$ cat work_6.txt   # compact mmCIF, C-alpha atoms and all ligand atoms
# COMPACT_ATOMS: atom_id res chain seq x y z
CA MET V 212 5.55 5.85 11.89
CA PRO V 213 4.74 3.19 14.53
CA GLY V 214 4.04 -0.17 12.92
CA VAL V 215 5.13 0.70 9.38
CA LEU V 216 8.32 -1.15 8.47
CA ILE V 217 10.66 -1.29 5.51
CA LEU V 218 11.91 -4.83 4.94
CA THR V 219 14.73 -5.57 2.53
CA PRO V 220 15.17 -9.30 1.98
CA ARG V 221 18.69 -10.45 1.23
CA ARG V 222 19.49 -11.07 -2.42
CA PHE V 223 21.88 -13.83 -3.43
CA ALA V 224 23.39 -12.58 -6.66
CA ASP V 225 25.18 -14.75 -9.17
CA ALA V 226 25.87 -14.83 -12.89
CA ARG V 227 22.20 -15.59 -13.59
CA GLY V 228 20.76 -12.74 -11.59
CA PHE V 229 19.61 -13.10 -7.99
CA PHE V 230 17.58 -15.25 -5.63
CA SER V 231 15.60 -13.82 -2.75
CA GLU V 232 13.06 -15.05 -0.21
CA SER V 233 10.31 -12.48 -0.63
CA TRP V 234 8.39 -13.81 2.41
CA ASN V 235 9.42 -16.25 5.11
CA GLN V 236 6.90 -16.66 7.90
CA ARG V 237 9.40 -18.19 10.34
CA VAL V 238 11.97 -15.43 9.88
CA MET V 239 9.26 -12.82 10.33
CA GLU V 240 7.97 -14.48 13.49
CA GLU V 241 11.50 -14.57 14.90
CA ALA V 242 11.57 -10.81 14.30
CA GLY V 243 8.25 -10.41 16.14
CA ILE V 244 6.09 -9.95 13.04
CA GLU V 245 3.14 -12.34 13.23
CA ILE V 246 0.74 -11.74 10.37
CA ALA V 247 -1.33 -14.44 8.70
CA PHE V 248 -1.44 -13.42 5.05
CA VAL V 249 -4.26 -15.01 3.06
CA GLN V 250 -4.27 -13.28 -0.34
CA ASP V 251 -1.61 -12.10 -2.79
CA ASN V 252 -2.38 -9.31 -5.27
CA HIS V 253 -0.55 -8.25 -8.41
CA SER V 254 -1.26 -5.09 -10.41
CA LEU V 255 0.25 -3.63 -13.55
CA SER V 256 0.12 0.13 -14.19
CA ARG V 257 1.15 1.11 -17.68
CA ASP V 258 1.62 4.85 -17.35
CA VAL V 259 4.07 6.75 -15.20
CA GLY V 260 2.02 8.82 -12.74
CA THR V 261 -0.68 6.21 -12.25
CA VAL V 262 -2.08 6.65 -8.74
CA ARG V 263 -3.95 3.85 -6.99
CA GLY V 264 -5.34 4.97 -3.64
CA LEU V 265 -5.87 5.92 -1.02
CA HIS V 266 -7.60 2.65 -0.15
CA PHE V 267 -8.74 0.76 2.94
CA GLN V 268 -10.94 -2.16 3.94
CA SER V 269 -13.03 -1.60 7.05
CA PRO V 270 -13.23 -4.06 9.94
CA PRO V 271 -14.06 -6.90 10.18
CA HIS V 272 -12.06 -7.25 6.96
CA ALA V 273 -9.23 -4.81 7.65
CA GLN V 274 -6.01 -5.72 5.89
CA ALA V 275 -2.35 -5.49 6.77
CA LYS V 276 -0.30 -5.40 3.57
CA LEU V 277 3.25 -6.27 2.57
CA VAL V 278 3.99 -4.40 -0.64
CA ARG V 279 6.84 -4.83 -3.11
CA CYS V 280 7.69 -4.00 -6.69
CA GLY V 281 8.17 -6.71 -9.31
CA ARG V 282 8.96 -4.39 -12.21
CA GLY V 283 9.60 -0.67 -12.49
CA ALA V 284 9.33 1.68 -9.51
CA LEU V 285 6.71 3.33 -7.34
CA TYR V 286 6.33 5.66 -4.40
CA ASP V 287 4.28 3.82 -1.79
CA VAL V 288 2.31 5.78 0.80
CA ALA V 289 0.64 4.84 4.07
CA VAL V 290 -1.58 7.18 6.11
CA ASP V 291 -2.31 6.45 9.76
CA VAL V 292 -6.09 6.62 10.27
CA ARG V 293 -6.30 4.91 13.66
CA ARG V 294 -8.43 7.19 15.80
CA GLY V 295 -6.40 8.25 18.85
CA SER V 296 -3.04 7.36 17.30
CA PRO V 297 -0.20 9.80 18.00
CA SER V 298 0.40 9.89 14.24
CA TYR V 299 -3.26 10.08 13.18
CA GLY V 300 -3.55 11.77 9.77
CA LYS V 301 0.20 11.61 9.14
CA TRP V 302 1.66 9.90 6.11
CA VAL V 303 4.86 8.15 5.21
CA GLY V 304 6.21 7.40 1.74
CA VAL V 305 8.88 5.01 0.52
CA GLU V 306 10.34 4.36 -2.92
CA LEU V 307 9.93 0.69 -3.83
CA SER V 308 11.54 -0.60 -7.00
CA ALA V 309 12.45 -3.82 -8.70
CA ASP V 310 16.06 -2.73 -8.23
CA ASN V 311 16.03 -1.82 -4.54
CA GLY V 312 13.99 -4.90 -3.53
CA ARG V 313 12.40 -3.08 -0.61
CA GLN V 314 9.09 -4.11 0.87
CA LEU V 315 6.73 -1.93 2.90
CA LEU V 316 4.78 -3.53 5.73
CA ILE V 317 1.61 -1.55 6.42
CA PRO V 318 -0.55 -2.61 9.38
CA ALA V 319 -4.34 -2.53 9.38
CA GLY V 320 -5.59 0.95 10.20
CA PHE V 321 -3.76 2.75 7.42
CA LEU V 322 -4.85 4.12 4.08
CA HIS V 323 -2.64 2.79 1.31
CA GLY V 324 -1.80 4.15 -2.11
CA PHE V 325 1.02 4.52 -4.58
CA VAL V 326 2.15 6.44 -7.63
CA THR V 327 4.16 4.75 -10.34
CA ARG V 328 7.52 6.24 -11.27
CA GLU V 329 8.26 4.04 -14.29
CA PRO V 330 6.15 2.68 -17.15
CA ASP V 331 4.74 -0.85 -16.81
CA THR V 332 5.22 -0.97 -13.06
CA GLU V 333 4.10 -4.16 -11.36
CA VAL V 334 3.14 -4.14 -7.69
CA ILE V 335 2.79 -7.35 -5.73
CA TYR V 336 1.42 -7.44 -2.20
CA LYS V 337 0.28 -9.82 0.46
CA CYS V 338 -2.93 -9.11 2.40
CA SER V 339 -4.02 -10.38 5.80
CA ASP V 340 -7.72 -10.61 4.88
CA PHE V 341 -9.67 -11.49 1.77
CA TYR V 342 -11.06 -8.89 -0.60
CA ALA V 343 -14.43 -7.74 0.77
CA PRO V 344 -15.97 -5.26 -1.68
CA GLU V 345 -18.64 -4.21 0.82
CA CYS V 346 -15.85 -3.00 3.16
CA ASP V 347 -13.73 -1.38 0.43
CA GLY V 348 -13.31 2.39 0.55
CA ALA V 349 -11.19 5.25 -0.72
CA VAL V 350 -10.05 8.73 0.31
CA ARG V 351 -8.80 11.32 -2.18
CA PHE V 352 -5.08 10.93 -2.84
CA ASP V 353 -4.60 14.70 -3.23
CA ASP V 354 -6.60 15.76 -0.18
CA PRO V 355 -5.13 19.05 1.04
CA ASP V 356 -5.60 18.04 4.69
CA LEU V 357 -3.25 15.13 4.13
CA GLY V 358 -0.77 17.08 2.02
CA ILE V 359 0.96 14.07 0.51
CA ASP V 360 3.85 14.93 -1.79
CA TRP V 361 3.36 12.50 -4.67
CA GLY V 362 6.03 14.12 -6.80
CA ILE V 363 3.58 14.78 -9.65
CA GLU V 364 0.98 17.36 -10.55
CA ALA V 365 -2.29 16.02 -9.12
CA SER V 366 -4.09 17.00 -12.33
CA ALA V 367 -1.75 14.72 -14.31
CA ALA V 368 -2.44 11.61 -12.21
CA VAL V 369 -3.88 8.60 -14.02
CA LEU V 370 -6.79 7.46 -11.84
CA SER V 371 -9.62 4.92 -11.76
CA ASP V 372 -13.18 6.27 -11.76
CA LYS V 373 -13.46 5.09 -8.16
CA ASP V 374 -10.41 7.06 -7.07
CA ARG V 375 -11.50 10.15 -9.00
CA ALA V 376 -14.78 10.10 -7.02
CA ALA V 377 -13.20 9.33 -3.63
CA GLN V 378 -14.32 11.18 -0.50
CA SER V 379 -12.31 13.89 1.21
CA PHE V 380 -10.33 13.16 4.37
CA ALA V 381 -12.65 15.53 6.27
CA ALA V 382 -15.66 13.41 5.25
CA PHE V 383 -13.93 10.14 6.13
CA ASP V 384 -15.31 8.65 9.35
CA THR V 385 -12.51 6.29 10.21
CA PRO V 386 -13.57 2.82 11.35
CA PHE V 387 -10.11 2.17 12.86
CA VAL V 388 -9.06 2.70 16.48
CA TRP V 389 -5.54 2.96 17.89
CA GLU V 390 -4.87 0.08 20.23
CA GLY V 391 -1.53 1.30 21.57
C1 LIG V 401 -8.50 -5.10 -4.52
C2 LIG V 401 -9.25 -6.19 -5.34
C3 LIG V 401 -9.90 -5.87 -6.48
N1 LIG V 401 -10.56 -6.83 -7.20
C4 LIG V 401 -11.25 -6.44 -8.43
C5 LIG V 401 -12.31 -5.37 -8.25
C6 LIG V 401 -12.22 -4.57 -9.53
O1 LIG V 401 -13.07 -5.15 -10.51
C7 LIG V 401 -10.80 -4.75 -10.00
C8 LIG V 401 -9.93 -3.51 -9.75
O2 LIG V 401 -10.06 -3.16 -8.38
P1 LIG V 401 -9.53 -1.77 -7.85
O3 LIG V 401 -9.84 -0.70 -8.84
O4 LIG V 401 -10.02 -1.60 -6.46
O5 LIG V 401 -7.94 -2.02 -7.86
P2 LIG V 401 -6.80 -1.07 -7.23
O6 LIG V 401 -7.15 0.35 -7.47
O7 LIG V 401 -5.50 -1.56 -7.70
O8 LIG V 401 -6.99 -1.36 -5.67
C9 LIG V 401 -5.92 -1.70 -4.85
O9 LIG V 401 -5.16 -0.51 -4.58
C10 LIG V 401 -4.08 -0.66 -3.67
C11 LIG V 401 -3.49 0.71 -3.44
C12 LIG V 401 -4.44 -1.39 -2.44
O10 LIG V 401 -3.96 -1.10 -1.34
C13 LIG V 401 -5.33 -2.57 -2.60
O11 LIG V 401 -5.79 -3.04 -1.35
C14 LIG V 401 -6.47 -2.29 -3.54
O12 LIG V 401 -7.36 -1.38 -2.92
O13 LIG V 401 -10.27 -5.87 -9.30
C15 LIG V 401 -10.58 -8.13 -6.77
O14 LIG V 401 -11.18 -9.02 -7.41
N2 LIG V 401 -9.89 -8.47 -5.61
C16 LIG V 401 -9.23 -7.54 -4.90
O15 LIG V 401 -8.59 -7.89 -3.85
$ encode --input "work_6.txt" --output "structure tokens"
Amino acid sequence: MPGVLILTPRRFADARGFFSESWNQRVMEEAGIEIAFVQDNHSLSRDVGTVRGLHFQSPPHAQAKLVRCGRGALYDVAVDVRRGSPSYGKWVGVELSADNGRQLLIPAGFLHGFVTREPDTEVIYKCSDFYAPECDGAVRFDDPDLGIDWGIEASAAVLSDKDRAAQSFAAFDTPFVWEG
């Protein structure tokens, strides 16, 4: 999926555990990734099968996100909703866990959501714009047009009221445009 990257920072293990640089702006810039992150978020989901998503913030407050797992495990999903993109409407999913240390970089122009695979899963992510509730939106995680395989029965998902009432993908008028 163009623009979506899995990053796995090096871990320096010793008798105490490990040390890892979870974000290093200079290293990222040397790799061609120039994103000015301005907000860090941290969520805890108690139950296995908690689904948060699919979420977006519209321009002018669109957000790129760098997502990682601090405790437990989750399946993280990004859906390309950039009008005109070769992968418009397609999704990609990656297992992120405290053990595997992976991070998922999701550019602006994607819906984002995840399902937790372990109890008490903590998700930590950087965002490239501030929370703007007036630009916040959601699309149904189990929309048949998207066909995302969450690995759970949709009826068993633990959801917020907002996500339970989210619009269908067919009704979603994407505010994002593919810029090549
Ligand atoms: C996202 C967000 C929420 N809040 C508040 C609003 C609300 O009262 C409470 C819970 O918000 P939500 O129900 O939207 O939280 P949540 O369902 O965890 O929303 C998050 O889901 C993941 C998948 C994302 O990608 C995020 O961008 C964000 O949309 O926290 C903030 O103060 N700042 C924020 O940046």
$ residues_near_ligand --input "work_6.txt" --ligand "ligand LIG 401 (chain V)" --cutoff "8 Å" --atoms "only C-alpha atoms and all ligand atoms" --output "MDAnalysis selection string"
chainID V and resid 250 252 254 263:268 274 276 322:325 338 341:344 347:349 371 373:374
$ atom_distance --input "work_6.txt" --atom1 "CA of Thr385 in chain V" --atom2 "CA of Ile244 in chain V"
24.9 Å
$ closest_residue --input "work_6.txt" --among "V:Val249, V:Ala275, V:Val215, V:Ala368" --to "Val288 in chain V" --atoms "all atoms listed in the file"
V:Val215
$ axis_aligned_box --input "work_6.txt" --around "range 303-307 of chain V" --padding-each-side "5 Å" --output "lines of an AutoDock Vina configuration file"
center_x = 7.6
center_y = 4.4
center_z = 0.7
size_x = 15.5
size_y = 17.5
size_z = 19.0
$ closest_residue --input "work_6.txt" --among "V:Pro220, V:Leu255, V:Trp361, V:Pro355" --to "Glu306 in chain V" --atoms "only C-alpha atoms"
V:Trp361
